[in-house]
Amino acid sequence: MARRTSRGLIAAATATVALIAPAGSASASGTASAAGPQARVFMVNPVQSTGDQSLADAKDAAGAVPGSAYTTVELRGLDGSGGLSGRWAYVRSDTGASAKTAEAGSYDRNDDQFEQVMAYFWVNEAQEYLQGLGFGSELPGANDRAQPVRINQWGSDNSFFTDKKDEIRFGKGGVDDAEDAEVIVHEYGHAVHEAQVPGFGTSAEAGAIGEAFGDYLAVEVGNAAAARHGWPVKANPACVADWDSVSYSKAPHCLRRVDGDKVYADRTGEVHADGEIWSRALWDIRGALGARTADRIIVNAQFGFAPDTSFADAAAKTIATARAMYGQGAADAVREAFRARGIPGV
């Protein structure tokens with residue numbers, strides 16, 4: 001079952017943990033510190049890093065976004081082929097000419113290759129974040145493989161993960177989706193869920209949990225990268241995809257939020273809207289336990305979800321996982337987060 005992120009539905013629905021920096025990661029000044037292949041990317045997204053809510057797409061014009069929104073980073077994990085192919089990600093197809101790692105430091109948003117570089121960097125960043133939590137070492141791997149992505153291969157303002165080919169496809173229109181790190185990582189969240197539980201998302205509530213986890217992971221990876229690299233955060237960190245949403249949301253721009261006030265009784269049956277119930281619970285777990293502990297619990301619990309899990313069953317599994325990993329105090333904090341959302345049975 002393809003998991004698509006419908007921009008029309010999204011617009012209607014509304015919308016730190018500092019890890020040890022890998023060798024060659026961007027410095028606090030926004031410049032790279034090692035000799036590996038260098039690339040220009042957005043510091044999560046231009047609205048978040050500049051705080052400028054008036055930014056607009058302007059048909060991919062380079063001048064529409066200030067140079068201060070970019071940073072230079074090392075492209076890690078590459079296989080040496082000269083293209084965007086590596087340990088945790090590879091660009092399977094794209095529009096325009098394929099990016100060359102030797103030229104990745106010169107691209108800007110007017111170049112088709114810029115989105116290719118963004119997708120590679122941020123998918124790699126997301127898996128490295130999970131690896132830093134212990135997944136793939138002391139805990140089971142969570143999509144610890146090379147993730148294929150297609151850039152601008154979907155001819156509308158829409159991106160999705162499809163389990164038919166286990167690939168992510170990024171669309172174009174308005175702000176091209178792969179220009180916003182939080183859109184990239186949201187779709188990667190679906191790939192993580194599918195790797196953990198094949199076929200995940202076969203019920204409305206499971207689908208909502210999938211959307212919620214994608215939003216939450218997007219915010220977490222972006223926040224962690226900003227903290228690690230010393231990037232500015234000038235928009236609310238609980239807002240998802242500030243940049244992608246400039247063409248379909250009012251300022252302050254948000255695709256959705258992970259700090260909303262929805263409860264279980266507010267369900268509509270639309271997975272993106274209902275996902276804001278679950279993502280707020282995850283955000284509250286993070287607030288209670290800290291990002292690292294919360295994220296280890298949240299991701300580890302998902303291995304025990306059923307493809308058609310309900311909110312109640314997934315909450316119970318997450319509470320049990322917290323207890324097994326960190327004791328009763330952590331379990332109580334997780335239970336309270338779900339209770340505050342009115343999720344039954346907790």
# chains A, B, ... in the order shown; residues from 1 in each chain; ligands from 1
>>> select_by_dssp(residues="range 58-219 of chain A", states="strand (DSSP E)", output="JSON, numbers by chain")
{"A": [70, 71, 72, 73, 74, 89, 90, 91, 92, 93, 94, 147, 148, 149, 150, 151, 152, 153, 154, 159, 160, 161, 162, 167, 168, 169, 170, 171]}
>>> closest_atom_pairs(of="range 176-244 of chain A", to="range 285-303 of chain A", cutoff="12 Å", atoms="only C-alpha atoms", output="Markdown table")
| residue | atom | partner | partner_atom | distance |
| --- | --- | --- | --- | --- |
| A:Gly189 | CA | A:Val299 | CA | 10.2 |
| A:His190 | CA | A:Gln302 | CA | 11.8 |
| A:Val192 | CA | A:Val299 | CA | 9.0 |
| A:His193 | CA | A:Gln302 | CA | 7.3 |
| A:Glu194 | CA | A:Phe303 | CA | 10.0 |
| A:Ala195 | CA | A:Phe303 | CA | 9.1 |
| A:Gln196 | CA | A:Phe303 | CA | 5.3 |
| A:Val197 | CA | A:Phe303 | CA | 6.3 |
| A:Pro198 | CA | A:Phe303 | CA | 10.1 |
| A:Phe200 | CA | A:Gln302 | CA | 10.0 |
| A:Gly201 | CA | A:Gln302 | CA | 11.9 |
| A:Ala206 | CA | A:Gln302 | CA | 11.0 |
| A:Ile209 | CA | A:Gln302 | CA | 10.1 |
| A:Gly210 | CA | A:Gln302 | CA | 10.1 |
| A:Ala212 | CA | A:Ile298 | CA | 11.6 |
| A:Phe213 | CA | A:Ile298 | CA | 8.9 |
| A:Gly214 | CA | A:Val299 | CA | 11.3 |
| A:Tyr216 | CA | A:Asp295 | CA | 9.7 |
| A:Leu217 | CA | A:Asp295 | CA | 8.8 |
| A:Val219 | CA | A:Ala291 | CA | 11.1 |
| A:Glu220 | CA | A:Ala291 | CA | 7.9 |
| A:Val221 | CA | A:Ala291 | CA | 10.5 |
| A:Asn223 | CA | A:Ala291 | CA | 10.0 |
| A:Ala224 | CA | A:Ala291 | CA | 9.1 |
| A:Ala238 | CA | A:Arg286 | CA | 11.8 |
>>> select_by_dssp(residues="range 91-311 of chain A", states="alpha helix (DSSP H)", output="count of residues only")
95
>>> residues_around(residues="range 78-85 of chain A", least_positions_apart="4", cutoff="6 Å", atoms="only C-alpha atoms", output="ChimeraX atom specification")
/A:90-91,100-101
>>> write_last_selection(atoms="C-alpha atoms", output="compact mmCIF listing (two decimals), in the first residue's frame")
# COMPACT_ATOMS: atom_id res chain seq x y z
CA TYR A 90 21.08 6.50 -2.94
CA VAL A 91 19.34 8.55 -5.60
CA LYS A 100 28.09 14.84 -9.07
CA THR A 101 29.65 14.80 -5.64
>>> closest_residue(among="A:Trp243, A:Trp283, A:Tyr120, A:Trp278", to="Thr50 in chain A", atoms="only C-alpha atoms")
A:Trp243
>>> closest_residue(among="A:Ala204, A:Ala251, A:Ala58, A:Ile319", to="Glu270 in chain A", atoms="only C-alpha atoms")
A:Ala204
>>> decode(residues="range 122-146 of chain A", atoms="N, CA, C and O atoms", output="compact mmCIF listing (two decimals), in the first residue's frame")
# COMPACT_ATOMS: atom_id res chain seq x y z
N TRP A 122 19.94 14.27 3.90
CA TRP A 122 19.00 14.18 5.01
C TRP A 122 18.52 12.77 5.28
O TRP A 122 18.24 12.41 6.44
N VAL A 123 18.44 11.92 4.26
CA VAL A 123 18.16 10.51 4.53
C VAL A 123 19.32 9.90 5.30
O VAL A 123 19.13 9.17 6.29
N ASN A 124 20.53 10.20 4.88
CA ASN A 124 21.71 9.72 5.59
C ASN A 124 21.73 10.24 7.03
O ASN A 124 22.03 9.52 7.98
N GLU A 125 21.40 11.52 7.18
CA GLU A 125 21.37 12.13 8.51
C GLU A 125 20.35 11.43 9.41
O GLU A 125 20.62 11.19 10.60
N ALA A 126 19.19 11.10 8.86
CA ALA A 126 18.15 10.43 9.65
C ALA A 126 18.60 9.06 10.13
O ALA A 126 18.39 8.69 11.29
N GLN A 127 19.23 8.28 9.23
CA GLN A 127 19.70 6.97 9.66
C GLN A 127 20.86 7.09 10.65
O GLN A 127 20.93 6.33 11.62
N GLU A 128 21.73 8.04 10.45
CA GLU A 128 22.80 8.25 11.42
C GLU A 128 22.24 8.65 12.79
O GLU A 128 22.79 8.27 13.83
N TYR A 129 21.14 9.40 12.80
CA TYR A 129 20.50 9.74 14.06
C TYR A 129 20.02 8.46 14.76
O TYR A 129 20.25 8.27 15.97
N LEU A 130 19.36 7.58 14.01
CA LEU A 130 18.89 6.33 14.60
C LEU A 130 20.06 5.46 15.06
O LEU A 130 20.00 4.83 16.12
N GLN A 131 21.12 5.43 14.27
CA GLN A 131 22.31 4.69 14.67
C GLN A 131 22.87 5.24 15.97
O GLN A 131 23.31 4.49 16.85
N GLY A 132 22.85 6.57 16.11
CA GLY A 132 23.35 7.19 17.34
C GLY A 132 22.52 6.87 18.56
O GLY A 132 23.01 6.97 19.69
N LEU A 133 21.26 6.47 18.37
CA LEU A 133 20.41 6.03 19.46
C LEU A 133 20.64 4.56 19.83
O LEU A 133 20.07 4.07 20.80
N GLY A 134 21.45 3.87 19.04
CA GLY A 134 21.75 2.48 19.32
C GLY A 134 21.06 1.49 18.41
O GLY A 134 21.27 0.27 18.53
N PHE A 135 20.25 1.97 17.46
CA PHE A 135 19.59 1.07 16.53
C PHE A 135 20.60 0.60 15.47
O PHE A 135 21.29 1.40 14.86
N GLY A 136 20.68 -0.73 15.35
CA GLY A 136 21.70 -1.30 14.47
C GLY A 136 22.92 -1.77 15.22
O GLY A 136 23.84 -2.33 14.63
N SER A 137 22.94 -1.55 16.55
CA SER A 137 24.05 -2.02 17.38
C SER A 137 23.48 -2.70 18.61
O SER A 137 23.21 -3.90 18.58
N GLU A 138 23.20 -1.97 19.68
CA GLU A 138 22.63 -2.60 20.87
C GLU A 138 21.14 -2.90 20.71
O GLU A 138 20.59 -3.75 21.42
N LEU A 139 20.49 -2.21 19.78
CA LEU A 139 19.08 -2.42 19.49
C LEU A 139 18.94 -2.87 18.04
O LEU A 139 19.86 -2.65 17.24
N PRO A 140 17.82 -3.48 17.67
CA PRO A 140 17.67 -3.92 16.28
C PRO A 140 17.79 -2.75 15.31
O PRO A 140 17.45 -1.61 15.63
N GLY A 141 18.27 -3.03 14.12
CA GLY A 141 18.35 -2.00 13.09
C GLY A 141 16.98 -1.53 12.66
O GLY A 141 16.03 -2.32 12.58
N ALA A 142 16.86 -0.23 12.40
CA ALA A 142 15.59 0.36 11.96
C ALA A 142 15.82 0.96 10.57
O ALA A 142 16.28 2.08 10.44
N ASN A 143 15.54 0.16 9.55
CA ASN A 143 15.77 0.54 8.15
C ASN A 143 17.25 0.82 7.89
O ASN A 143 17.60 1.73 7.14
N ASP A 144 18.11 0.01 8.47
CA ASP A 144 19.56 0.21 8.31
C ASP A 144 20.03 -0.45 7.02
O ASP A 144 20.68 -1.48 7.00
N ARG A 145 19.67 0.19 5.92
CA ARG A 145 20.01 -0.25 4.57
C ARG A 145 20.14 0.99 3.70
O ARG A 145 19.84 2.11 4.15
N ALA A 146 20.56 0.83 2.48
CA ALA A 146 20.60 1.94 1.55
C ALA A 146 19.19 2.21 1.04
O ALA A 146 18.58 1.37 0.37
